[in-house]
file work_21.txt (compact mmCIF, C-alpha atoms)
# COMPACT_ATOMS: atom_id res chain seq x y z
CA MET A 1 17.68 37.81 6.42
CA PRO A 2 15.84 35.71 3.84
CA ASP A 3 16.08 32.01 4.41
CA PRO A 4 14.87 29.96 1.42
CA PHE A 5 14.73 26.85 3.57
CA ALA A 6 12.26 28.53 5.92
CA ASP A 7 10.26 29.93 3.02
CA ASP A 8 10.04 26.53 1.36
CA LEU A 9 8.99 25.00 4.63
CA ILE A 10 6.25 27.57 5.20
CA ALA A 11 5.00 27.07 1.66
CA PHE A 12 4.86 23.35 2.29
CA LEU A 13 3.02 23.50 5.63
CA PRO A 14 -0.40 22.82 4.05
CA ASN A 15 0.92 19.62 2.46
CA LEU A 16 2.50 18.54 5.72
CA ARG A 17 -0.77 19.12 7.54
CA ARG A 18 -2.65 17.14 4.92
CA PHE A 19 -0.30 14.18 5.21
CA ALA A 20 -0.35 14.42 9.02
CA LEU A 21 -4.12 14.40 9.01
CA SER A 22 -4.20 11.35 6.77
CA LEU A 23 -2.01 9.54 9.29
CA CYS A 24 -3.60 10.54 12.57
CA ARG A 25 -7.05 11.81 11.52
CA SER A 26 -7.07 14.32 14.34
CA LYS A 27 -6.65 18.01 13.66
CA ASP A 28 -4.83 18.78 16.92
CA THR A 29 -2.52 15.80 16.64
CA ALA A 30 -1.84 16.71 13.03
CA ASP A 31 -0.69 20.18 14.01
CA ASP A 32 1.47 18.74 16.79
CA LEU A 33 3.04 16.44 14.22
CA VAL A 34 3.71 19.31 11.84
CA GLN A 35 5.32 21.32 14.62
CA ILE A 36 7.58 18.41 15.58
CA THR A 37 8.44 18.03 11.90
CA VAL A 38 9.35 21.70 11.62
CA GLU A 39 11.58 21.48 14.68
CA ARG A 40 13.30 18.32 13.51
CA ALA A 41 13.75 19.76 10.05
CA PHE A 42 15.64 22.75 11.43
CA ALA A 43 17.64 20.58 13.81
CA GLY A 44 18.58 18.32 10.93
CA ARG A 45 18.81 20.73 8.04
CA ALA A 46 22.54 20.16 7.71
CA GLY A 47 21.67 16.55 6.93
CA PHE A 48 19.35 17.46 4.09
CA ASP A 49 20.81 16.79 0.68
CA PRO A 50 19.70 19.74 -1.49
CA THR A 51 19.86 17.57 -4.59
CA THR A 52 16.99 15.49 -3.24
CA ARG A 53 13.37 16.47 -2.82
CA LEU A 54 12.63 18.55 0.22
CA ASP A 55 9.03 17.34 0.29
CA ALA A 56 10.03 13.68 0.49
CA TRP A 57 12.53 14.49 3.24
CA LEU A 58 9.90 16.36 5.24
CA PHE A 59 7.29 13.66 4.78
CA ARG A 60 9.76 11.16 6.09
CA ILE A 61 10.49 13.24 9.17
CA LEU A 62 6.78 13.64 9.76
CA ARG A 63 6.05 9.98 9.42
CA ASN A 64 8.87 9.05 11.77
CA ALA A 65 7.47 11.54 14.26
CA TRP A 66 4.10 9.87 13.90
CA ILE A 67 5.59 6.44 14.56
CA ASP A 68 7.32 7.83 17.66
CA MET A 69 4.04 9.24 18.80
CA VAL A 70 2.20 5.99 18.28
CA ARG A 71 4.91 4.13 20.17
CA ARG A 72 4.56 6.47 23.08
CA ASN A 73 0.85 5.92 22.84
CA LYS A 74 0.19 9.60 23.14
CA THR A 75 -2.54 9.61 20.58
CA ARG A 76 -4.95 7.34 22.40
CA GLY A 77 -8.32 8.97 22.65
CA THR A 78 -7.50 11.91 20.45
CA GLU A 79 -9.13 10.64 17.31
CA ILE A 80 -12.00 12.72 16.16
CA ASP A 81 -14.59 12.27 13.55
CA ILE A 82 -13.08 13.07 10.22
CA ALA A 83 -15.96 15.44 9.57
CA ASP A 84 -14.31 17.82 12.04
CA ALA A 85 -11.09 17.75 10.12
CA PRO A 86 -9.91 20.74 8.14
CA ASP A 87 -12.03 20.89 5.09
CA ALA A 88 -12.76 23.47 2.53
CA ARG A 89 -15.96 22.19 1.04
CA SER A 90 -17.25 25.71 1.19
CA VAL A 91 -14.39 26.82 -1.04
CA ASP A 92 -15.49 24.81 -4.05
CA GLY A 93 -18.86 26.46 -4.43
CA GLU A 94 -18.09 27.10 -8.08
CA LYS A 95 -18.06 23.47 -8.94
CA THR A 96 -21.12 21.58 -9.92
CA VAL A 97 -22.95 19.80 -7.17
CA GLU A 98 -22.37 16.55 -8.94
CA THR A 99 -18.60 16.87 -8.96
CA SER A 100 -18.61 18.01 -5.40
CA LEU A 101 -20.65 15.01 -4.30
CA MET A 102 -18.38 12.63 -6.15
CA LEU A 103 -15.30 14.15 -4.58
CA GLN A 104 -16.90 14.01 -1.16
CA SER A 105 -17.57 10.32 -1.70
CA ALA A 106 -13.97 9.90 -2.81
CA ARG A 107 -12.76 11.70 0.29
CA ALA A 108 -14.90 9.44 2.44
CA ALA A 109 -13.61 6.38 0.61
CA ILE A 110 -10.02 7.46 1.22
CA ASP A 111 -10.81 8.11 4.88
CA ARG A 112 -12.15 4.60 5.23
CA LEU A 113 -9.08 2.92 3.78
CA PRO A 114 -6.78 1.03 6.11
CA PRO A 115 -4.05 3.45 7.28
CA ASP A 116 -1.38 1.57 5.32
CA GLN A 117 -3.30 2.12 2.12
CA ARG A 118 -4.29 5.68 2.91
CA GLU A 119 -0.72 6.84 3.29
CA VAL A 120 0.39 5.43 -0.07
CA ILE A 121 -2.59 7.07 -1.77
CA VAL A 122 -1.70 10.42 -0.23
CA LEU A 123 2.00 10.19 -0.99
CA ILE A 124 1.69 8.92 -4.56
CA CYS A 125 -1.65 10.00 -6.01
CA VAL A 126 -2.01 13.23 -4.08
CA GLU A 127 1.53 14.40 -3.36
CA GLU A 128 2.87 12.88 -6.57
CA LEU A 129 5.90 11.15 -5.13
CA THR A 130 7.38 8.21 -6.98
CA TYR A 131 6.98 4.63 -5.81
CA ARG A 132 10.61 4.64 -4.75
CA GLU A 133 10.29 7.87 -2.78
CA ALA A 134 7.20 6.57 -1.03
CA ALA A 135 8.95 3.27 -0.27
CA GLU A 136 11.82 5.16 1.33
CA ILE A 137 9.54 7.36 3.39
CA LEU A 138 7.58 4.37 4.62
CA ALA A 139 10.63 2.10 4.94
CA ILE A 140 8.91 -0.70 3.04
CA PRO A 141 9.73 -2.49 -0.23
CA ILE A 142 8.43 -1.00 -3.48
CA GLY A 143 6.46 -4.18 -4.09
CA THR A 144 4.53 -3.54 -0.90
CA VAL A 145 3.90 0.06 -1.91
CA MET A 146 2.51 -1.11 -5.23
CA SER A 147 0.33 -3.81 -3.77
CA ARG A 148 -1.16 -1.43 -1.20
CA LEU A 149 -1.64 1.28 -3.78
CA ALA A 150 -3.42 -1.02 -6.21
CA ARG A 151 -5.72 -2.35 -3.51
CA ALA A 152 -6.49 1.15 -2.31
CA ARG A 153 -7.40 2.34 -5.77
CA ILE A 154 -9.57 -0.67 -6.53
CA ALA A 155 -11.35 -0.08 -3.22
CA ILE A 156 -11.92 3.60 -4.02
CA ALA A 157 -13.17 2.74 -7.50
CA GLN A 158 -15.59 0.21 -6.07
CA VAL A 159 -17.00 2.71 -3.60
CA LEU A 160 -17.48 5.25 -6.37
CA GLY A 161 -18.78 2.69 -8.81
CA ILE A 162 -16.56 4.14 -11.51
CA ASN A 163 -15.76 0.77 -13.00
CA PRO A 164 -16.92 -2.81 -12.96
CA PRO A 165 -15.15 -5.17 -10.55
CA MET A 166 -11.62 -5.69 -11.66
CA ALA A 167 -9.83 -8.83 -12.55
CA ARG A 168 -6.37 -9.25 -11.16
CA SER A 169 -5.24 -10.45 -14.52
CA PRO A 170 -6.88 -10.96 -17.87
CA THR A 171 -6.90 -14.72 -17.55
CA SER A 172 -9.08 -14.74 -14.48
CA ALA A 173 -11.49 -12.13 -15.73
CA GLY A 174 -14.04 -14.65 -16.80
CA ASP A 175 -14.32 -16.89 -13.80
CA LYS A 176 -15.11 -14.50 -10.99
CA ARG A 177 -18.24 -15.42 -9.18
CA MET B 1 2.65 -16.41 -29.53
CA SER B 2 0.00 -15.34 -27.09
CA ALA B 3 -0.56 -11.72 -26.14
CA PRO B 4 1.40 -10.58 -23.12
CA GLU B 5 -0.57 -10.42 -19.91
CA PHE B 6 -0.75 -7.40 -17.68
CA THR B 7 -1.47 -7.39 -14.00
CA ASP B 8 -3.31 -4.64 -12.17
CA GLU B 9 0.04 -3.49 -10.84
CA ASP B 10 1.39 -3.21 -14.39
CA LEU B 11 -1.59 -1.09 -15.37
CA MET B 12 -1.28 1.02 -12.26
CA ALA B 13 2.43 1.61 -12.83
CA TYR B 14 1.65 2.58 -16.42
CA ALA B 15 -1.00 5.05 -15.24
CA ASP B 16 1.53 6.50 -12.81
CA GLY B 17 4.33 6.69 -15.37
CA GLU B 18 6.36 4.11 -13.50
CA LEU B 19 6.21 1.09 -15.76
CA ALA B 20 9.53 0.00 -17.24
CA GLU B 21 9.92 1.28 -20.77
CA ASP B 22 9.89 -2.04 -22.60
CA ARG B 23 6.88 -3.22 -20.69
CA ALA B 24 5.12 0.10 -21.24
CA ALA B 25 5.75 -0.19 -24.97
CA ALA B 26 4.21 -3.65 -24.98
CA LEU B 27 1.24 -2.31 -23.05
CA ASP B 28 0.83 0.54 -25.54
CA LEU B 29 0.36 -2.03 -28.27
CA ALA B 30 -1.95 -4.22 -26.24
CA LEU B 31 -4.15 -1.26 -25.25
CA ALA B 32 -4.77 -0.38 -28.85
CA ALA B 33 -6.26 -3.79 -29.46
CA ASP B 34 -8.01 -4.53 -26.20
CA ASP B 35 -10.88 -2.41 -24.90
CA ALA B 36 -11.19 -4.40 -21.70
CA LEU B 37 -7.56 -3.72 -20.92
CA ALA B 38 -8.08 -0.01 -21.57
CA GLU B 39 -11.02 -0.07 -19.19
CA ARG B 40 -8.92 -1.69 -16.48
CA LEU B 41 -6.28 0.96 -17.06
CA SER B 42 -8.82 3.75 -16.75
CA LEU B 43 -9.56 2.70 -13.18
CA PHE B 44 -6.01 3.58 -12.19
CA VAL B 45 -5.90 6.78 -14.20
CA ASP B 46 -9.24 7.91 -12.76
CA THR B 47 -8.51 7.04 -9.15
CA ARG B 48 -5.26 8.98 -9.15
CA MET B 49 -7.00 12.05 -10.48
CA ILE B 50 -9.98 11.70 -8.17
CA ALA B 51 -7.84 11.16 -5.08
CA ALA B 52 -5.82 14.27 -5.87
CA ASP B 53 -8.95 16.32 -6.52
CA ALA B 54 -10.71 15.01 -3.43
CA LEU B 55 -7.90 15.98 -1.07
CA ARG B 56 -6.94 19.24 -2.78
CA PRO B 57 -9.36 21.33 -0.69
CA MET B 58 -7.41 20.31 2.40
CA LEU B 59 -4.59 22.52 1.16
CA ASP B 60 -6.87 25.53 1.40
CA ALA B 61 -7.44 25.05 5.10
CA PRO B 62 -5.69 27.93 6.85
CA VAL B 63 -2.42 27.00 8.52
CA PRO B 64 -2.41 28.02 12.19
CA ASP B 65 -0.27 31.09 12.77
CA HIS B 66 1.75 29.44 15.48
CA LEU B 67 3.17 26.93 12.97
CA VAL B 68 4.28 29.64 10.58
CA GLN B 69 5.68 31.63 13.49
CA ARG B 70 7.57 28.58 14.72
CA VAL B 71 9.32 28.25 11.37
CA ARG B 72 10.25 31.96 11.40
CA ASP B 73 11.55 31.72 14.98
CA LEU B 74 13.66 28.69 14.18
CA ALA B 75 15.03 30.34 11.05
CA ALA B 76 15.90 33.45 13.06
CA ALA B 77 17.49 31.41 15.83
CA GLY B 78 19.51 29.50 13.27
CA SER B 79 20.90 32.61 11.62
CA ALA B 80 21.64 34.24 15.01
CA THR B 81 23.81 31.37 16.12
CA ALA B 82 26.34 29.40 14.16
CA PRO B 83 25.27 27.72 10.94
CA ALA B 84 23.68 24.39 11.53
CA SER B 85 26.36 22.04 12.65
CA VAL B 86 26.79 18.69 11.06
CA ASP B 87 26.22 16.78 14.26
CA THR B 88 22.54 17.63 14.33
CA VAL B 89 21.65 15.33 11.48
CA VAL B 90 18.27 13.78 11.99
CA ALA B 91 18.56 10.17 12.93
CA PHE B 92 16.42 8.18 10.57
CA PRO B 93 15.38 4.73 11.57
CA ASP B 94 17.24 1.86 10.03
CA ARG B 95 15.49 1.10 6.77
CA SER B 96 15.44 -2.55 7.63
CA GLN B 97 13.41 -1.75 10.71
CA ARG B 98 10.03 -3.36 10.55
CA ARG B 99 7.14 -3.57 12.84
CA PRO B 100 6.81 -7.19 13.87
CA VAL B 101 3.73 -8.74 12.38
CA TRP B 102 2.22 -9.46 15.76
CA GLN B 103 2.19 -5.79 16.67
CA LEU B 104 0.03 -4.88 13.75
CA PRO B 105 -3.69 -4.61 14.14
CA ILE B 106 -5.41 -7.58 12.68
CA ALA B 107 -9.13 -7.79 12.37
CA ALA B 108 -10.44 -10.07 15.03
CA SER B 109 -12.71 -11.78 12.58
CA ILE B 110 -9.93 -13.68 10.90
CA ALA B 111 -7.97 -16.60 12.11
CA LEU B 112 -4.27 -16.34 11.51
CA ALA B 113 -1.87 -19.20 11.41
CA ILE B 114 1.75 -18.65 10.59
CA GLY B 115 4.02 -21.54 9.92
CA LEU B 116 7.20 -20.20 11.43
CA GLY B 117 10.43 -21.76 10.31
CA ALA B 118 9.46 -25.37 10.10
CA GLY B 119 6.18 -24.54 8.47
CA LEU B 120 3.53 -26.98 7.55
CA LEU B 121 4.47 -29.27 4.75
CA LEU B 122 1.96 -29.14 1.99
CA ARG B 123 2.47 -32.78 1.34
CA GLY B 124 3.38 -33.65 4.90
CA PRO B 125 1.78 -36.77 6.30
CA ASN B 126 1.06 -35.46 9.79
CA VAL B 127 -0.75 -32.24 9.39
CA PRO B 128 -2.29 -30.93 12.55
CA GLY B 129 -5.93 -30.38 11.79
CA SER B 130 -6.41 -28.17 14.79
CA LEU B 131 -5.01 -24.97 13.36
CA LEU B 132 -7.18 -24.44 10.36
CA GLU B 133 -9.06 -26.67 8.06
CA ILE B 134 -6.85 -26.02 5.11
CA ALA B 135 -7.44 -28.64 2.52
CA ALA B 136 -4.50 -27.14 0.69
CA VAL B 137 -2.17 -28.59 3.25
CA THR B 138 -2.96 -32.19 2.48
CA ASP B 139 -3.95 -31.96 -1.12
CA PRO B 140 -1.31 -32.78 -3.74
CA ALA B 141 -3.53 -31.09 -6.30
CA ILE B 142 -2.89 -27.80 -4.52
CA ALA B 143 0.85 -28.31 -4.54
CA GLN B 144 0.64 -29.12 -8.21
CA ALA B 145 -1.49 -26.05 -8.88
CA ILE B 146 0.81 -23.59 -7.18
CA SER B 147 3.78 -25.13 -8.97
CA THR B 148 2.25 -24.44 -12.35
CA LEU B 149 -0.41 -21.71 -12.30
CA ALA B 150 0.71 -18.29 -13.49
CA ALA B 151 -0.29 -15.36 -11.32
CA GLY B 152 -3.88 -14.49 -12.08
CA GLU B 153 -4.74 -17.96 -13.29
CA SER B 154 -7.21 -20.05 -11.41
CA LEU B 155 -8.04 -23.70 -11.43
CA PRO B 156 -11.26 -25.42 -10.40
CA LEU B 157 -10.73 -28.32 -8.05
CA THR B 158 -12.96 -31.13 -6.95
CA ASP B 159 -15.97 -30.34 -4.78
CA GLY B 160 -16.46 -26.89 -6.23
CA ALA B 161 -13.30 -25.50 -4.68
CA ARG B 162 -11.08 -23.22 -6.64
CA ILE B 163 -7.49 -22.08 -6.37
CA GLU B 164 -6.15 -18.85 -7.78
CA ALA B 165 -2.50 -17.87 -7.96
CA ILE B 166 -2.21 -14.22 -6.96
CA ALA B 167 1.48 -13.41 -7.10
CA THR B 168 4.96 -14.82 -7.00
CA PHE B 169 7.85 -13.31 -5.13
CA ARG B 170 11.17 -14.11 -3.50
CA ALA B 171 11.51 -14.26 0.27
CA THR B 172 14.58 -12.73 1.87
CA ASP B 173 16.17 -16.20 1.89
CA ASN B 174 15.53 -16.22 -1.87
CA ALA B 175 12.97 -18.99 -1.54
CA LEU B 176 10.32 -18.88 -4.26
CA CYS B 177 6.98 -17.97 -2.72
CA ARG B 178 3.45 -17.99 -4.05
CA GLU B 179 0.56 -15.98 -2.77
CA PHE B 180 -2.64 -17.77 -3.57
CA GLU B 181 -6.26 -17.91 -2.60
CA TYR B 182 -8.08 -21.12 -2.00
CA ASP B 183 -11.84 -20.78 -2.22
CA GLN B 184 -13.44 -23.67 -0.46
CA SER B 185 -16.85 -24.88 -1.51
CA ASN B 186 -18.24 -23.78 1.88
CA GLY B 187 -17.51 -20.19 0.95
CA THR B 188 -14.41 -19.77 3.07
CA THR B 189 -11.43 -18.29 1.32
CA VAL B 190 -7.98 -19.12 2.57
CA VAL B 191 -5.39 -16.52 1.69
CA SER B 192 -2.06 -18.28 1.75
CA ILE B 193 1.59 -17.87 1.17
CA ALA B 194 3.65 -20.96 0.51
CA CYS B 195 7.37 -21.02 -0.18
CA HIS B 196 9.33 -23.74 -1.86
CA ASP B 197 12.22 -25.11 0.16
CA GLY B 198 13.74 -27.01 -2.77
CA GLN B 199 11.72 -30.11 -1.95
CA ASP B 200 8.19 -29.17 -1.04
CA TRP B 201 5.91 -26.22 -0.65
CA GLN B 202 5.75 -25.01 2.91
CA MET B 203 2.90 -22.91 4.19
CA ARG B 204 4.24 -19.70 5.64
CA LEU B 205 0.96 -17.95 6.10
CA ALA B 206 -2.64 -18.99 5.96
CA ILE B 207 -5.48 -16.65 6.71
CA ALA B 208 -8.95 -18.10 6.75
CA ALA B 209 -11.05 -15.18 5.67
CA ALA B 210 -14.76 -14.87 6.13
CA SER B 211 -16.91 -15.91 3.25
CA ALA B 212 -15.80 -14.34 0.07
CA ASP B 213 -18.21 -11.83 -1.31
CA GLU B 214 -19.68 -12.01 -4.76
CA THR B 215 -16.46 -10.80 -6.31
CA GLY B 216 -14.69 -13.92 -5.14
CA TYR B 217 -12.00 -11.88 -3.45
CA ALA B 218 -10.99 -12.24 0.13
CA PRO B 219 -12.23 -9.34 2.28
CA ALA B 220 -9.93 -6.42 2.85
CA SER B 221 -9.36 -7.25 6.51
CA SER B 222 -7.55 -10.44 5.61
CA LEU B 223 -5.46 -8.53 3.10
CA GLU B 224 -4.30 -6.20 5.86
CA ALA B 225 -2.87 -9.18 7.67
CA LEU B 226 -1.31 -10.35 4.45
CA ASP B 227 0.21 -6.94 3.85
CA ALA B 228 1.52 -6.91 7.37
CA TYR B 229 3.14 -10.26 6.82
CA LEU B 230 4.71 -9.25 3.50
CA THR B 231 6.06 -6.08 5.06
CA ALA B 232 7.31 -7.75 8.20
CA THR B 233 9.18 -10.38 6.21
CA ASN B 234 10.50 -7.84 3.72
CA ALA B 235 9.13 -9.84 0.83
CA GLY B 236 10.47 -8.97 -2.59
CA ALA B 237 8.45 -7.28 -5.30
CA PRO B 238 6.16 -9.51 -7.32
CA LEU B 239 7.95 -11.25 -10.17
CA THR B 240 6.97 -10.27 -13.68
CA PRO B 241 5.12 -12.93 -15.68
CA ALA B 242 8.35 -13.77 -17.51
CA GLU B 243 10.37 -14.08 -14.31
CA GLU B 244 7.63 -16.15 -12.78
CA LEU B 245 7.57 -18.54 -15.71
CA VAL B 246 11.32 -19.08 -15.43
CA ALA B 247 11.11 -19.60 -11.67
CA LEU B 248 8.26 -22.10 -11.95
CA THR B 249 9.98 -23.98 -14.75
CA GLU B 250 13.04 -24.35 -12.55
CA LEU B 251 10.92 -26.16 -9.99
CA GLN B 252 9.99 -28.94 -12.36
call {"tool": "encode", "arguments": {"input": "work_21.txt", "output": "structure tokens"}}
result
Amino acid sequence: MPDPFADDLIAFLPNLRRFALSLCRSKDTADDLVQITVERAFAGRAGFDPTTRLDAWLFRILRNAWIDMVRRNKTRGTEIDIADAPDARSVDGEKTVETSLMLQSARAAIDRLPPDQREVIVLICVEELTYREAAEILAIPIGTVMSRLARARIAIAQVLGINPPMARSPTSAGDKR
Amino acid sequence: MSAPEFTDEDLMAYADGELAEDRAAALDLALAADDALAERLSLFVDTRMIAADALRPMLDAPVPDHLVQRVRDLAAAGSATAPASVDTVVAFPDRSQRRPVWQLPIAASIALAIGLGAGLLLRGPNVPGSLLEIAAVTDPAIAQAISTLAAGESLPLTDGARIEAIATFRATDNALCREFEYDQSNGTTVVSIACHDGQDWQMRLAIAAASADETGYAPASSLEALDAYLTATNAGAPLTPAEELVALTELQ
């Protein structure tokens, strides 16, 4: 019997794995997190409001599972080098080397962000959630989401050298050392 | 009338389609006349696109079969038994739940002093010098500066020091708070939050960061601690320049 909920969930598994990996940076832990998310999603599907976004709901379950995991300290010692993480650099052979290098640098810059900043980048810039949706998933005020997101993007831009150092406001632009 | 000012967060929200309509309309106008502003905006437009492109290949990584199978099994199990009952709703954590600030990782290279409750009076006569050498604590010029500077404005002080107002927000007790950076002439930057109790500015947070780099900004590690503090205290969103002006005027 077709189950659209299951189909949607399967279609969304790659996104869940990507978000999980951005949180825990370990492939095995990421898949554990996705499995827990899947199980909790089915257990709680009656509580899902179909008028809201399924992706935001799933991200929230996943992040809560991650927090549980951190609390139980199960992840100690499981971190691996991000270079071992799922990657499909071989897939983009069509692209120019230049673009590929730039995106690799961007990936590395995102990997190096503090976890708090990395998750807002993934949720908003990559998964295209709104500030409010991200704030609800992360259980933090929107102002905090925005401040982390701005800092993360300025940091990425600085690594990539895509813009001169930024002023925080036009009035202070001239007096930076 | 001077041109309206736009913070990085305004520009970012505009790039993300999240800036309030009236403010976005004002920014539209300003962008047409200001190349530097357009360049600042492009940072946020570019980084969103680049971040999405950089992480897109991760979606192509094959999903392990066991995960797909798990979904199918659960779907089958669900349809074999009764429809999902309402008492299996996932328990979400209370949205007010916060990690306490002291549980968050804080770079060991920074000294952290939090004025809890009583706080350190900016103009207080008996400031313990043992915590941090924060000239801001004893200097009326600092109190004056954070009572008047708009976010983003900076003011040179004596001895080559400099103070920059970063943001203004309301604490949960509705106290008016300023985030500011105090660059001492010895190169140390103090990232601070002070809140006004109706009488004086009280330091609620002071992070003595390592020497500021050539950009004049405090290093990212100190901002993590700041973020942690803002999150832990459930600080309100930054006030807009107009709201800030009203709030600061009310102090006078």
call {"tool": "closest_residue", "arguments": {"input": "work_21.txt", "among": "B:Thr158, B:Ser185, B:Ser147, B:Gln69", "to": "Leu251 in chain B", "atoms": "all atoms listed in the file"}}
result
B:Ser147
call {"tool": "residues_near_point", "arguments": {"input": "work_21.txt", "point": "(13.2, 25.1, 2.2)", "cutoff": "12 Å", "atoms": "only C-alpha atoms", "output": "PyMOL selection string"}}
result
(chain A and resi 2-13+38+41-42+45-46+48-50+52-58) or (chain B and resi 71-72+75)
call {"tool": "closest_residue", "arguments": {"input": "work_21.txt", "among": "B:Ala167, B:Leu31, B:Ala141, B:Val63", "to": "chain A", "atoms": "only C-alpha atoms"}}
result
B:Val63
call {"tool": "atom_distance", "arguments": {"input": "work_21.txt", "atom1": "CA of Gly17 in chain B", "atom2": "CA of Leu239 in chain B"}}
result
19.0 Å
call {"tool": "atom_distance", "arguments": {"input": "work_21.txt", "atom1": "CA of Asp34 in chain B", "atom2": "CA of Tyr14 in chain B"}}
result
15.5 Å
call {"tool": "atom_distance", "arguments": {"input": "work_21.txt", "atom1": "CA of Leu226 in chain B", "atom2": "CA of Pro141 in chain A"}}
result
14.3 Å
call {"tool": "residues_around", "arguments": {"input": "work_21.txt", "residues": "Phe180 in chain B", "least_positions_apart": "4", "cutoff": "6 Å", "atoms": "only C-alpha atoms", "output": "VMD selection string"}}
result
chain B and resid 164 to 166 192
call {"tool": "closest_residue", "arguments": {"input": "work_21.txt", "among": "A:Asn64, A:Ala30, A:Thr130, A:Gly44", "to": "chain B", "atoms": "only C-alpha atoms"}}
result
A:Gly44
call {"tool": "closest_residue", "arguments": {"input": "work_21.txt", "among": "B:Ile146, B:Ala15, B:Thr240, B:Asp60", "to": "Arg48 in chain B", "atoms": "all atoms listed in the file"}}
result
B:Ala15
call {"tool": "closest_residue", "arguments": {"input": "work_21.txt", "among": "A:Arg151, A:Arg118, A:Arg107, A:Lys27", "to": "chain B", "atoms": "all atoms listed in the file"}}
result
A:Arg107
call {"tool": "residues_around", "arguments": {"input": "work_21.txt", "residues": "Val34 in chain A", "least_positions_apart": "2", "cutoff": "12 Å", "atoms": "all atoms listed in the file", "output": "MDAnalysis selection string"}}
result
(chainID A and resid 9:10 12:21 23:24 27:32 36:41 58:66) or (chainID B and resid 63:64 66:68 70:71)
call {"tool": "closest_residue", "arguments": {"input": "work_21.txt", "among": "B:Leu205, B:Ala194, B:Ala247, B:Ala235", "to": "chain A", "atoms": "all atoms listed in the file"}}
result
B:Ala235
call {"tool": "residues_around", "arguments": {"input": "work_21.txt", "residues": "Ala20 in chain B", "least_positions_apart": "5", "cutoff": "12 Å", "atoms": "all atoms listed in the file", "output": "number ranges by chain"}}
result
B: 9-15, 25-27, 240
call {"tool": "residues_around", "arguments": {"input": "work_21.txt", "residues": "Ile163 in chain B", "least_positions_apart": "4", "cutoff": "8 Å", "atoms": "all atoms listed in the file", "output": "NGL selection string"}}
result
:B and (142 or 145 or 154-157 or 180-183)
